[in-house]
Amino acid sequence: MTTERTVATLLAGYLRQAGVTHVFGYPGESVVDFMEAARGDGPAMVAAVREASAAFMAEGAAMCTGRIGVCLSTLGPGSTALLNGVASANLDRVPLLAISGQVDSASEQYRTHQVVDQGQLFAPVTKLATRLEPASADTVIRKALRTATAERPGAVHMTVATDTFGMSVADSGGGGKVPPLAPATATLDFYGDESPLRAARRPVLLAGAGAVRCGASAALATLAEQTGMPVVVGAMGKGVLSEDHPYFAGVLDMTGHQVIWDLLERADLIVTAGFDAVELITPWQITTPVLHVDTTPNTDQVYPARTEITGNVTAALWWLAANSGYQPRWSLDEVAAHRAALRAAWQAGYVSGRLNPSDVVTTVRAVAPAGTVMTADVGSHKLMAGQAWTSLAPRETLITNGLSAMGFGLPAAIAAALSLPGVPAVSMIGDGGFAMTATELSVAARYGLPLVVVVFADGSLNRIELHQQQLGYPLTATSVDRTDIPALAESLGCDGVRVESAAGLEKALSSAFAARTRPLVIEARIDPAQYSAQY
Ligand SMILES: Cc1ncc(C[n+]2csc(CCOP(=O)(O)OP(=O)(O)O)c2C)c(N)n1
Ligand SMILES: [Mg+2]
């Protein structure tokens, strides 16, 4: 039996079934039929201030929920604006479906007004750039969902001509049902003879976003405890081992990174657990042997590995726990001493009596309730927050390290607050990234989100300024024009406050996580000396 429906209702229905609650986008004539189809039973359309932010919102929603994120734009100027966030999700290995309209199919081959070849535009920054046609829509939607979510996940772009949305589709032959959208649950493939972990005396675990996707927290903690292995995590795997765990050993390539690289260099084996090369900032220069454990083979070859275990990361870690002996390799005192050295590294350059970047992170962490989702933007503040923020569970810290595009932090926090009602959300962003996305605050205000936005106001694009200084160049184009951030926030429907000391910040935060219906924006006037000392 076949049922008649339109391409637009078919697509909206598939998204609902895939657990998508929001489509983040910006309207245009070409997509109003889809927006109308989604209006009734959802997913709900959230209008961002610009498409670039909509794509980051979709990425943030996917990161915190584990489900595919969806963003929507019109043709041409809309789709080109969407590009950055789509590339971001792809490089961050986050499942994302980006949908853009296109002129009517009859005129697409010759019209010039607002027409770009979106297939070519998105091909290099997606796993798949496809288009919906009525005859194959049912299959192509499933293909898009499965491609975006299959390991390693990433972005899929879909072009839909204006007239196509309203056309009837025949849903037949087992269509209409979403395919599996998660990593395989139990398979394991072994490459190389023996697990080198049995013989290792100073092994270290290096966990990443793949461990989060496979839900590997319990297996990771058990393996670490049983074999006495310190656990380093990539920035996008933060929280996969609770950072108050005695075997937690820090975040790779965030502030204080040399202490972590020294630990990895001194180890006699690195056991990766869903660690992905996109979680690196510095090149891999150490020669410690690696046992590669991931959902995919070691095709990047950023590090050589003679043994690979591929499949579900959780299953691989349980297998290793059962087959690696019970002899603790590191004592808890040794791991604690390492953590103390790491803490000293991210505190280095602390200036008493000033508002240091580390103060901002630790002060907010101290008052943020358990379960708070924290998003960071990109710059010096990200490196500090990535290390100094204590993550207690996976998907609570949203950081981009693939494309590492400024403009991610605020939209991602808005999406987290929308996707997880009742869950506190805080965004830590630089004044440069804030300037790029500040008007999105009106979206947070529109929905009455109790979001806390902390702007690290140092008057500079600090990360780039430090680089200019190191090269001995005069500072050029790296200052950030001072704005009255609280006044700007209030004009966008938020509360705003400026602080210049840790005590002032504590006061501003005193009711920040209480029941509120307006976002709170805190301009934290920091002294960036700590960044310079650590560069
Ligand atoms: C979209 C984009 N443009 C440029 C860069 C390069 N970049 C990396 S960090 C940085 C400085 C960010 O400044 P700010 O937001 O003030 O954060 P801070 O470094 O001062 O903490 C820049 C320009 C980038 N990552 N993304
Ligand atoms: Mg700055």
# chains A, B, ... in the order shown; residues from 1 in each chain; ligands from 1
$ residues_near_ligand --ligand "ligand 2" --cutoff "12 Å" --atoms "only C-alpha atoms and all ligand atoms" --output "JSON list (two decimals) with all heavy atoms, in the first residue's frame"
[["chain", "number", "residue", "atom", "x", "y", "z"],
["A", 357, "PRO", "N", 41.96, 35.31, 33.89],
["A", 357, "PRO", "CA", 41.09, 34.40, 33.14],
["A", 357, "PRO", "C", 40.75, 33.14, 33.92],
["A", 357, "PRO", "O", 39.61, 32.67, 33.90],
["A", 357, "PRO", "CB", 41.92, 34.06, 31.89],
["A", 357, "PRO", "CG", 42.86, 35.22, 31.72],
["A", 357, "PRO", "CD", 43.15, 35.74, 33.11],
["A", 377, "ASP", "N", 33.75, 29.60, 23.25],
["A", 377, "ASP", "CA", 34.00, 30.04, 21.88],
["A", 377, "ASP", "C", 35.46, 29.71, 21.57],
["A", 377, "ASP", "O", 36.01, 28.77, 22.14],
["A", 377, "ASP", "CB", 33.66, 31.53, 21.73],
["A", 377, "ASP", "CG", 33.34, 31.87, 20.27],
["A", 377, "ASP", "OD1", 32.33, 31.36, 19.75],
["A", 377, "ASP", "OD2", 34.10, 32.62, 19.64],
["A", 378, "VAL", "N", 36.09, 30.46, 20.68],
["A", 378, "VAL", "CA", 37.44, 30.11, 20.25],
["A", 378, "VAL", "C", 38.39, 31.28, 20.51],
["A", 378, "VAL", "O", 38.08, 32.42, 20.18],
["A", 378, "VAL", "CB", 37.44, 29.73, 18.75],
["A", 378, "VAL", "CG1", 38.86, 29.54, 18.24],
["A", 378, "VAL", "CG2", 36.62, 28.47, 18.54],
["A", 379, "GLY", "N", 39.52, 30.97, 21.11],
["A", 379, "GLY", "CA", 40.50, 31.99, 21.45],
["A", 379, "GLY", "C", 41.21, 31.58, 22.73],
["A", 379, "GLY", "O", 41.09, 30.43, 23.17],
["A", 380, "SER", "N", 41.92, 32.51, 23.34],
["A", 380, "SER", "CA", 42.66, 32.18, 24.56],
["A", 380, "SER", "C", 41.73, 31.68, 25.66],
["A", 380, "SER", "O", 42.08, 30.78, 26.43],
["A", 380, "SER", "CB", 43.42, 33.41, 25.06],
["A", 380, "SER", "OG", 44.42, 33.76, 24.14],
["A", 381, "HIS", "N", 40.53, 32.26, 25.74],
["A", 381, "HIS", "CA", 39.59, 31.85, 26.80],
["A", 381, "HIS", "C", 39.17, 30.39, 26.63],
["A", 381, "HIS", "O", 38.91, 29.71, 27.60],
["A", 381, "HIS", "CB", 38.35, 32.76, 26.78],
["A", 381, "HIS", "CG", 37.57, 32.60, 25.53],
["A", 381, "HIS", "ND1", 37.95, 33.17, 24.33],
["A", 381, "HIS", "CD2", 36.47, 31.86, 25.25],
["A", 381, "HIS", "CE1", 37.10, 32.80, 23.40],
["A", 381, "HIS", "NE2", 36.20, 32.01, 23.92],
["A", 382, "LYS", "N", 39.11, 29.91, 25.38],
["A", 382, "LYS", "CA", 38.75, 28.49, 25.16],
["A", 382, "LYS", "C", 39.80, 27.57, 25.76],
["A", 382, "LYS", "O", 39.47, 26.57, 26.41],
["A", 382, "LYS", "CB", 38.60, 28.20, 23.66],
["A", 382, "LYS", "CG", 38.65, 26.70, 23.30],
["A", 382, "LYS", "CD", 38.60, 26.45, 21.80],
["A", 382, "LYS", "CE", 39.44, 25.25, 21.42],
["A", 382, "LYS", "NZ", 39.38, 24.94, 19.97],
["A", 406, "MET", "N", 35.44, 30.93, 15.46],
["A", 406, "MET", "CA", 34.81, 31.89, 16.35],
["A", 406, "MET", "C", 33.34, 32.02, 15.94],
["A", 406, "MET", "O", 33.01, 31.87, 14.76],
["A", 406, "MET", "CB", 35.48, 33.26, 16.24],
["A", 406, "MET", "CG", 36.90, 33.30, 16.74],
["A", 406, "MET", "SD", 37.73, 34.81, 16.18],
["A", 406, "MET", "CE", 36.82, 36.07, 17.06],
["A", 428, "MET", "N", 31.04, 30.72, 27.67],
["A", 428, "MET", "CA", 32.26, 31.47, 27.95],
["A", 428, "MET", "C", 32.83, 31.91, 26.60],
["A", 428, "MET", "O", 33.28, 31.07, 25.82],
["A", 428, "MET", "CB", 33.28, 30.59, 28.66],
["A", 428, "MET", "CG", 32.74, 29.98, 29.93],
["A", 428, "MET", "SD", 33.97, 30.02, 31.21],
["A", 428, "MET", "CE", 32.94, 29.86, 32.64],
["A", 429, "ILE", "N", 32.80, 33.21, 26.35],
["A", 429, "ILE", "CA", 33.22, 33.66, 25.03],
["A", 429, "ILE", "C", 34.14, 34.87, 25.12],
["A", 429, "ILE", "O", 34.08, 35.65, 26.08],
["A", 429, "ILE", "CB", 32.01, 33.98, 24.12],
["A", 429, "ILE", "CG1", 31.09, 35.01, 24.75],
["A", 429, "ILE", "CG2", 31.22, 32.74, 23.84],
["A", 429, "ILE", "CD1", 29.85, 35.26, 23.93],
["A", 430, "GLY", "N", 34.98, 35.04, 24.11],
["A", 430, "GLY", "CA", 35.86, 36.19, 24.04],
["A", 430, "GLY", "C", 35.09, 37.40, 23.55],
["A", 430, "GLY", "O", 33.98, 37.28, 23.01],
["A", 431, "ASP", "N", 35.69, 38.58, 23.72],
["A", 431, "ASP", "CA", 34.97, 39.78, 23.27],
["A", 431, "ASP", "C", 34.93, 39.85, 21.74],
["A", 431, "ASP", "O", 34.00, 40.44, 21.17],
["A", 431, "ASP", "CB", 35.54, 41.08, 23.89],
["A", 431, "ASP", "CG", 37.05, 41.14, 23.91],
["A", 431, "ASP", "OD1", 37.71, 40.23, 23.36],
["A", 431, "ASP", "OD2", 37.59, 42.11, 24.49],
["A", 432, "GLY", "N", 35.89, 39.22, 21.06],
["A", 432, "GLY", "CA", 35.85, 39.17, 19.60],
["A", 432, "GLY", "C", 34.70, 38.28, 19.12],
["A", 432, "GLY", "O", 33.90, 38.68, 18.27],
["A", 433, "GLY", "N", 34.60, 37.09, 19.67],
["A", 433, "GLY", "CA", 33.53, 36.16, 19.30],
["A", 433, "GLY", "C", 32.17, 36.70, 19.71],
["A", 433, "GLY", "O", 31.16, 36.47, 19.02],
["A", 434, "PHE", "N", 32.14, 37.42, 20.84],
["A", 434, "PHE", "CA", 30.87, 38.02, 21.28],
["A", 434, "PHE", "C", 30.41, 39.05, 20.26],
["A", 434, "PHE", "O", 29.24, 39.09, 19.88],
["A", 434, "PHE", "CB", 31.05, 38.68, 22.65],
["A", 434, "PHE", "CG", 29.81, 39.38, 23.14],
["A", 434, "PHE", "CD1", 28.72, 38.67, 23.62],
["A", 434, "PHE", "CD2", 29.73, 40.77, 23.11],
["A", 434, "PHE", "CE1", 27.57, 39.31, 24.06],
["A", 434, "PHE", "CE2", 28.58, 41.43, 23.55],
["A", 434, "PHE", "CZ", 27.50, 40.69, 24.02],
["A", 435, "ALA", "N", 31.37, 39.88, 19.78],
["A", 435, "ALA", "CA", 31.00, 40.91, 18.80],
["A", 435, "ALA", "C", 30.43, 40.27, 17.53],
["A", 435, "ALA", "O", 29.55, 40.82, 16.88],
["A", 435, "ALA", "CB", 32.21, 41.78, 18.48],
["A", 436, "MET", "N", 30.96, 39.09, 17.17],
["A", 436, "MET", "CA", 30.47, 38.41, 15.96],
["A", 436, "MET", "C", 29.03, 37.94, 16.09],
["A", 436, "MET", "O", 28.32, 37.83, 15.10],
["A", 436, "MET", "CB", 31.34, 37.17, 15.66],
["A", 436, "MET", "CG", 32.65, 37.45, 15.01],
["A", 436, "MET", "SD", 33.43, 35.86, 14.61],
["A", 436, "MET", "CE", 34.89, 36.43, 13.73],
["A", 454, "VAL", "N", 29.20, 34.71, 29.74],
["A", 454, "VAL", "CA", 30.32, 35.40, 30.37],
["A", 454, "VAL", "C", 31.31, 35.80, 29.27],
["A", 454, "VAL", "O", 31.87, 34.95, 28.58],
["A", 454, "VAL", "CB", 31.03, 34.48, 31.39],
["A", 454, "VAL", "CG1", 32.13, 35.26, 32.11],
["A", 454, "VAL", "CG2", 30.02, 33.93, 32.39],
["A", 455, "VAL", "N", 31.49, 37.11, 29.10],
["A", 455, "VAL", "CA", 32.37, 37.61, 28.05],
["A", 455, "VAL", "C", 33.73, 37.93, 28.67],
["A", 455, "VAL", "O", 33.83, 38.73, 29.60],
["A", 455, "VAL", "CB", 31.79, 38.87, 27.38],
["A", 455, "VAL", "CG1", 32.69, 39.30, 26.22],
["A", 455, "VAL", "CG2", 30.37, 38.62, 26.90],
["A", 456, "PHE", "N", 34.76, 37.28, 28.16],
["A", 456, "PHE", "CA", 36.14, 37.55, 28.61],
["A", 456, "PHE", "C", 36.60, 38.82, 27.88],
["A", 456, "PHE", "O", 37.14, 38.75, 26.78],
["A", 456, "PHE", "CB", 37.06, 36.37, 28.27],
["A", 456, "PHE", "CG", 36.84, 35.14, 29.11],
["A", 456, "PHE", "CD1", 35.61, 34.51, 29.15],
["A", 456, "PHE", "CD2", 37.89, 34.59, 29.85],
["A", 456, "PHE", "CE1", 35.41, 33.36, 29.93],
["A", 456, "PHE", "CE2", 37.70, 33.46, 30.63],
["A", 456, "PHE", "CZ", 36.46, 32.84, 30.67],
["A", 457, "ALA", "N", 36.35, 39.96, 28.51],
["A", 457, "ALA", "CA", 36.60, 41.24, 27.85],
["A", 457, "ALA", "C", 38.04, 41.68, 28.10],
["A", 457, "ALA", "O", 38.38, 42.14, 29.19],
["A", 457, "ALA", "CB", 35.61, 42.27, 28.35],
["A", 458, "ASP", "N", 38.88, 41.46, 27.12],
["A", 458, "ASP", "CA", 40.29, 41.87, 27.23],
["A", 458, "ASP", "C", 40.66, 42.90, 26.17],
["A", 458, "ASP", "O", 41.82, 43.28, 26.02],
["A", 458, "ASP", "CB", 41.23, 40.65, 27.16],
["A", 458, "ASP", "CG", 40.95, 39.77, 25.95],
["A", 458, "ASP", "OD1", 40.23, 40.22, 25.03],
["A", 458, "ASP", "OD2", 41.43, 38.62, 25.92],
["A", 459, "GLY", "N", 39.66, 43.33, 25.39],
["A", 459, "GLY", "CA", 39.91, 44.36, 24.39],
["A", 459, "GLY", "C", 40.78, 43.90, 23.24],
["A", 459, "GLY", "O", 41.28, 44.72, 22.47],
["A", 460, "SER", "N", 40.92, 42.59, 23.10],
["A", 460, "SER", "CA", 41.80, 42.11, 22.02],
["A", 460, "SER", "C", 41.38, 40.75, 21.50],
["A", 460, "SER", "O", 40.66, 40.00, 22.17],
["A", 460, "SER", "CB", 43.24, 42.02, 22.52],
["A", 460, "SER", "OG", 43.42, 40.83, 23.28],
["A", 461, "LEU", "N", 41.86, 40.47, 20.29],
["A", 461, "LEU", "CA", 41.83, 39.11, 19.78],
["A", 461, "LEU", "C", 43.09, 38.47, 20.35],
["A", 461, "LEU", "O", 44.13, 38.38, 19.71],
["A", 461, "LEU", "CB", 41.86, 39.10, 18.24],
["A", 461, "LEU", "CG", 40.73, 39.89, 17.56],
["A", 461, "LEU", "CD1", 40.92, 39.94, 16.04],
["A", 461, "LEU", "CD2", 39.36, 39.26, 17.89],
["A", 462, "ASN", "N", 42.97, 38.08, 21.61],
["A", 462, "ASN", "CA", 44.18, 37.80, 22.39],
["A", 462, "ASN", "C", 45.09, 36.75, 21.75],
["A", 462, "ASN", "O", 46.31, 36.92, 21.70],
["A", 462, "ASN", "CB", 43.79, 37.37, 23.80],
["A", 462, "ASN", "CG", 45.01, 37.15, 24.66],
["A", 462, "ASN", "OD1", 45.52, 36.03, 24.74],
["A", 462, "ASN", "ND2", 45.52, 38.21, 25.25],
["A", 463, "ARG", "N", 44.48, 35.70, 21.26],
["A", 463, "ARG", "CA", 45.30, 34.60, 20.72],
["A", 463, "ARG", "C", 46.18, 35.10, 19.57],
["A", 463, "ARG", "O", 47.33, 34.67, 19.41],
["A", 463, "ARG", "CB", 44.36, 33.50, 20.21],
["A", 463, "ARG", "CG", 44.94, 32.12, 20.28],
["A", 463, "ARG", "CD", 45.09, 31.67, 21.71],
["A", 463, "ARG", "NE", 46.27, 30.84, 21.89],
["A", 463, "ARG", "CZ", 46.96, 30.78, 23.01],
["A", 463, "ARG", "NH1", 46.63, 31.51, 24.04],
["A", 463, "ARG", "NH2", 48.01, 29.99, 23.11],
["A", 464, "ILE", "N", 45.66, 35.97, 18.77],
["A", 464, "ILE", "CA", 46.39, 36.45, 17.59],
["A", 464, "ILE", "C", 47.38, 37.54, 18.01],
["A", 464, "ILE", "O", 48.50, 37.61, 17.49],
["A", 464, "ILE", "CB", 45.41, 36.99, 16.52],
["A", 464, "ILE", "CG1", 44.26, 35.99, 16.31],
["A", 464, "ILE", "CG2", 46.13, 37.27, 15.21],
["A", 464, "ILE", "CD1", 44.65, 34.56, 15.97],
["A", 465, "GLU", "N", 46.96, 38.35, 18.97],
["A", 465, "GLU", "CA", 47.85, 39.39, 19.50],
["A", 465, "GLU", "C", 49.12, 38.75, 20.10],
["A", 465, "GLU", "O", 50.24, 39.23, 19.86],
["A", 465, "GLU", "CB", 47.10, 40.16, 20.59],
["A", 465, "GLU", "CG", 47.73, 41.47, 20.96],
["A", 465, "GLU", "CD", 46.92, 42.16, 22.06],
["A", 465, "GLU", "OE1", 46.01, 42.92, 21.70],
["A", 465, "GLU", "OE2", 47.23, 41.94, 23.24],
["A", 466, "LEU", "N", 48.94, 37.66, 20.83],
["A", 466, "LEU", "CA", 50.11, 36.98, 21.41],
["A", 466, "LEU", "C", 51.05, 36.50, 20.32],
["A", 466, "LEU", "O", 52.28, 36.56, 20.46],
["A", 466, "LEU", "CB", 49.65, 35.79, 22.27],
["A", 466, "LEU", "CG", 48.92, 36.12, 23.57],
["A", 466, "LEU", "CD1", 48.38, 34.86, 24.23],
["A", 466, "LEU", "CD2", 49.84, 36.86, 24.54],
["A", 478, "THR", "N", 44.31, 43.68, 15.77],
["A", 478, "THR", "CA", 43.95, 42.68, 16.77],
["A", 478, "THR", "C", 43.33, 43.28, 18.02],
["A", 478, "THR", "O", 43.16, 42.59, 19.02],
["A", 478, "THR", "CB", 45.17, 41.82, 17.17],
["A", 478, "THR", "OG1", 46.30, 42.67, 17.39],
["A", 478, "THR", "CG2", 45.49, 40.81, 16.10],
["A", 479, "SER", "N", 43.01, 44.59, 17.98],
["A", 479, "SER", "CA", 42.28, 45.10, 19.15],
["A", 479, "SER", "C", 40.78, 44.94, 18.87],
["A", 479, "SER", "O", 40.34, 44.95, 17.72],
["A", 479, "SER", "CB", 42.65, 46.56, 19.42],
["A", 479, "SER", "OG", 42.06, 47.39, 18.46],
["A", 480, "VAL", "N", 40.04, 44.74, 19.94],
["A", 480, "VAL", "CA", 38.58, 44.64, 19.82],
["A", 480, "VAL", "C", 38.00, 45.94, 20.34],
["A", 480, "VAL", "O", 38.30, 46.35, 21.46],
["A", 480, "VAL", "CB", 38.05, 43.43, 20.64],
["A", 480, "VAL", "CG1", 36.52, 43.44, 20.69],
["A", 480, "VAL", "CG2", 38.55, 42.12, 20.04],
["A", 481, "ASP", "N", 37.21, 46.60, 19.52],
["A", 481, "ASP", "CA", 36.63, 47.88, 19.93],
["A", 481, "ASP", "C", 35.78, 47.67, 21.17],
["A", 481, "ASP", "O", 34.94, 46.77, 21.21],
["A", 481, "ASP", "CB", 35.77, 48.46, 18.80],
["A", 481, "ASP", "CG", 36.59, 48.66, 17.53],
["A", 481, "ASP", "OD1", 37.77, 49.05, 17.64],
["A", 481, "ASP", "OD2", 36.05, 48.41, 16.43],
["A", 482, "ARG", "N", 36.04, 48.50, 22.17],
["A", 482, "ARG", "CA", 35.26, 48.38, 23.41],
["A", 482, "ARG", "C", 33.81, 48.78, 23.15],
["A", 482, "ARG", "O", 33.54, 49.80, 22.50],
["A", 482, "ARG", "CB", 35.83, 49.30, 24.49],
["A", 482, "ARG", "CG", 37.18, 48.83, 25.04],
["A", 482, "ARG", "CD", 37.01, 47.66, 26.00],
["A", 482, "ARG", "NE", 38.27, 47.37, 26.72],
["A", 482, "ARG", "CZ", 38.46, 46.29, 27.45],
["A", 482, "ARG", "NH1", 37.51, 45.38, 27.56],
["A", 482, "ARG", "NH2", 39.60, 46.10, 28.07],
["A", 523, "GLU", "N", 29.91, 41.08, 31.51],
["A", 523, "GLU", "CA", 31.16, 41.53, 30.89],
["A", 523, "GLU", "C", 32.25, 41.42, 31.94],
["A", 523, "GLU", "O", 32.26, 42.19, 32.91],
["A", 523, "GLU", "CB", 31.03, 42.98, 30.39],
["A", 523, "GLU", "CG", 32.34, 43.51, 29.83],
["A", 523, "GLU", "CD", 32.28, 44.98, 29.41],
["A", 523, "GLU", "OE1", 31.19, 45.59, 29.45],
["A", 523, "GLU", "OE2", 33.34, 45.51, 29.03],
["A", 524, "ALA", "N", 33.13, 40.47, 31.80],
["A", 524, "ALA", "CA", 34.21, 40.27, 32.77],
["A", 524, "ALA", "C", 35.47, 40.94, 32.23],
["A", 524, "ALA", "O", 36.11, 40.43, 31.32],
["A", 524, "ALA", "CB", 34.43, 38.78, 33.00],
["A", 525, "ARG", "N", 35.77, 42.11, 32.78],
["A", 525, "ARG", "CA", 36.97, 42.85, 32.35],
["A", 525, "ARG", "C", 38.21, 42.18, 32.94],
["A", 525, "ARG", "O", 38.57, 42.40, 34.09],
["A", 525, "ARG", "CB", 36.87, 44.29, 32.84],
["A", 525, "ARG", "CG", 35.85, 45.13, 32.10],
["A", 525, "ARG", "CD", 36.49, 45.84, 30.93],
["A", 525, "ARG", "NE", 35.49, 46.54, 30.15],
["A", 525, "ARG", "CZ", 35.56, 47.83, 29.82],
["A", 525, "ARG", "NH1", 36.59, 48.55, 30.20],
["A", 525, "ARG", "NH2", 34.61, 48.38, 29.09],
["A", 526, "ILE", "N", 38.82, 41.32, 32.18],
["A", 526, "ILE", "CA", 39.94, 40.53, 32.70],
["A", 526, "ILE", "C", 41.27, 41.21, 32.43],
["A", 526, "ILE", "O", 41.41, 42.06, 31.54],
["A", 526, "ILE", "CB", 39.96, 39.11, 32.08],
["A", 526, "ILE", "CG1", 40.01, 39.19, 30.54],
["A", 526, "ILE", "CG2", 38.78, 38.29, 32.55],
["A", 526, "ILE", "CD1", 40.47, 37.91, 29.89],
["A", 527, "ASP", "N", 42.27, 40.78, 33.21],
["A", 527, "ASP", "CA", 43.66, 41.15, 32.94],
["A", 527, "ASP", "C", 44.27, 39.95, 32.19],
["A", 527, "ASP", "O", 44.39, 38.86, 32.75],
["A", 527, "ASP", "CB", 44.38, 41.37, 34.27],
["A", 527, "ASP", "CG", 45.84, 41.75, 34.06],
["A", 527, "ASP", "OD1", 46.38, 41.50, 32.95],
["A", 527, "ASP", "OD2", 46.45, 42.28, 35.01],
["A", 528, "PRO", "N", 44.64, 40.14, 30.93],
["A", 528, "PRO", "CA", 45.10, 38.98, 30.15],
["A", 528, "PRO", "C", 46.56, 38.58, 30.40],
["A", 528, "PRO", "O", 47.10, 37.74, 29.69],
["A", 528, "PRO", "CB", 44.92, 39.45, 28.71],
["A", 528, "PRO", "CG", 45.02, 40.94, 28.76],
["A", 528, "PRO", "CD", 44.58, 41.38, 30.13],
["A", 531, "TYR", "N", 47.51, 34.93, 30.25],
["A", 531, "TYR", "CA", 47.64, 34.33, 28.91],
["A", 531, "TYR", "C", 49.08, 34.53, 28.39],
["A", 531, "TYR", "O", 49.68, 33.60, 27.83],
["A", 531, "TYR", "CB", 46.71, 35.00, 27.91],
["A", 531, "TYR", "CG", 45.22, 34.81, 28.09],
["A", 531, "TYR", "CD1", 44.35, 35.85, 27.76],
["A", 531, "TYR", "CD2", 44.67, 33.61, 28.53],
["A", 531, "TYR", "CE1", 42.98, 35.71, 27.85],
["A", 531, "TYR", "CE2", 43.29, 33.47, 28.64],
["A", 531, "TYR", "CZ", 42.45, 34.52, 28.30],
["A", 531, "TYR", "OH", 41.09, 34.38, 28.39]]
$ select_by_dssp --residues "region 388-460 of chain A" --states "alpha helix (DSSP H)" --output "list in words"
Ala388, Gly409, Leu410, Pro411, Ala412, Ala413, Ile414, Ala415, Ala416, Ala417, Leu418, Ser419, Asp431, Gly432, Gly433, Phe434, Ala435, Met436, Thr437, Leu441, Ser442, Val443, Ala444, Ala445 and Arg446 of chain A
$ closest_residue --among "A:Thr295, A:Thr222, A:Ser30, A:Ser358" --to "ligand 1" --atoms "only C-alpha atoms and all ligand atoms"
A:Ser358
$ closest_residue --among "A:Arg446, A:Ala348, A:Gly407, A:Ile270" --to "Pro196 (chain A)" --atoms "only C-alpha atoms"
A:Ile270
$ residues_around --residues "Pro328 (chain A)" --least-positions-apart "5" --cutoff "9 Å" --atoms "only C-alpha atoms" --output "list of chain:residue names"
A:Arg201, A:Ala224, A:Glu225, A:Gln226, A:Thr227, A:Gly228, A:Met229
$ atom_distance --atom1 "CA of Gln387 (chain A)" --atom2 "CA of Val232 (chain A)"
11.2 Å
$ residues_around --residues "region 66-68 of chain A" --least-positions-apart "6" --cutoff "10 Å" --atoms "only C-alpha atoms" --output "JSON, numbers by chain"
{"A": [15, 18, 19, 20, 21, 58, 59, 60, 94, 95, 96, 97, 145, 146, 148, 149, 153, 154, 155, 181, 182, 212, 213, 395]}
$ closest_atom_pairs --of "region 385-439 of chain A" --to "region 237-240 of chain A" --cutoff "12 Å" --atoms "only C-alpha atoms" --output "JSON lines"
{"residue": "A:Ala385", "atom": "CA", "partner": "A:Lys238", "partner_atom": "CA", "distance": 11.1}
{"residue": "A:Gly386", "atom": "CA", "partner": "A:Lys238", "partner_atom": "CA", "distance": 8.1}
{"residue": "A:Gln387", "atom": "CA", "partner": "A:Lys238", "partner_atom": "CA", "distance": 9.2}
{"residue": "A:Ala388", "atom": "CA", "partner": "A:Lys238", "partner_atom": "CA", "distance": 11.3}
{"residue": "A:Trp389", "atom": "CA", "partner": "A:Lys238", "partner_atom": "CA", "distance": 9.5}
{"residue": "A:Thr390", "atom": "CA", "partner": "A:Gly239", "partner_atom": "CA", "distance": 8.0}
{"residue": "A:Ser391", "atom": "CA", "partner": "A:Gly239", "partner_atom": "CA", "distance": 4.7}
{"residue": "A:Leu392", "atom": "CA", "partner": "A:Gly239", "partner_atom": "CA", "distance": 5.1}
{"residue": "A:Ala393", "atom": "CA", "partner": "A:Gly239", "partner_atom": "CA", "distance": 4.2}
{"residue": "A:Pro394", "atom": "CA", "partner": "A:Gly239", "partner_atom": "CA", "distance": 4.2}
{"residue": "A:Arg395", "atom": "CA", "partner": "A:Gly239", "partner_atom": "CA", "distance": 7.1}
{"residue": "A:Glu396", "atom": "CA", "partner": "A:Gly239", "partner_atom": "CA", "distance": 7.0}
{"residue": "A:Thr397", "atom": "CA", "partner": "A:Lys238", "partner_atom": "CA", "distance": 6.3}
{"residue": "A:Leu398", "atom": "CA", "partner": "A:Lys238", "partner_atom": "CA", "distance": 8.4}
{"residue": "A:Ile399", "atom": "CA", "partner": "A:Lys238", "partner_atom": "CA", "distance": 8.7}
{"residue": "A:Thr400", "atom": "CA", "partner": "A:Gly237", "partner_atom": "CA", "distance": 10.7}
{"residue": "A:Asn401", "atom": "CA", "partner": "A:Gly237", "partner_atom": "CA", "distance": 10.6}
$ residues_around --residues "Leu441 (chain A)" --least-positions-apart "2" --cutoff "10 Å" --atoms "only C-alpha atoms" --output "list in words"
Ala48, Val49, Leu410, Pro411, Ile414, Phe434, Thr437, Ala438, Thr439, Val443, Ala444, Ala445, Arg446, Leu449, Leu451, Val453, Leu488, Ala489, Glu490, Ser491, Leu492, Gly493, Cys494, Pro519, Leu520 and Val521 of chain A
$ residues_around --residues "region 79-93 of chain A" --least-positions-apart "2" --cutoff "8 Å" --atoms "only C-alpha atoms" --output "VMD selection string"
chain A and resid 50 to 56 59 73 to 77 95 to 96 98 100 118 121 to 122 125 to 127 152 to 155 278 400 to 405 408
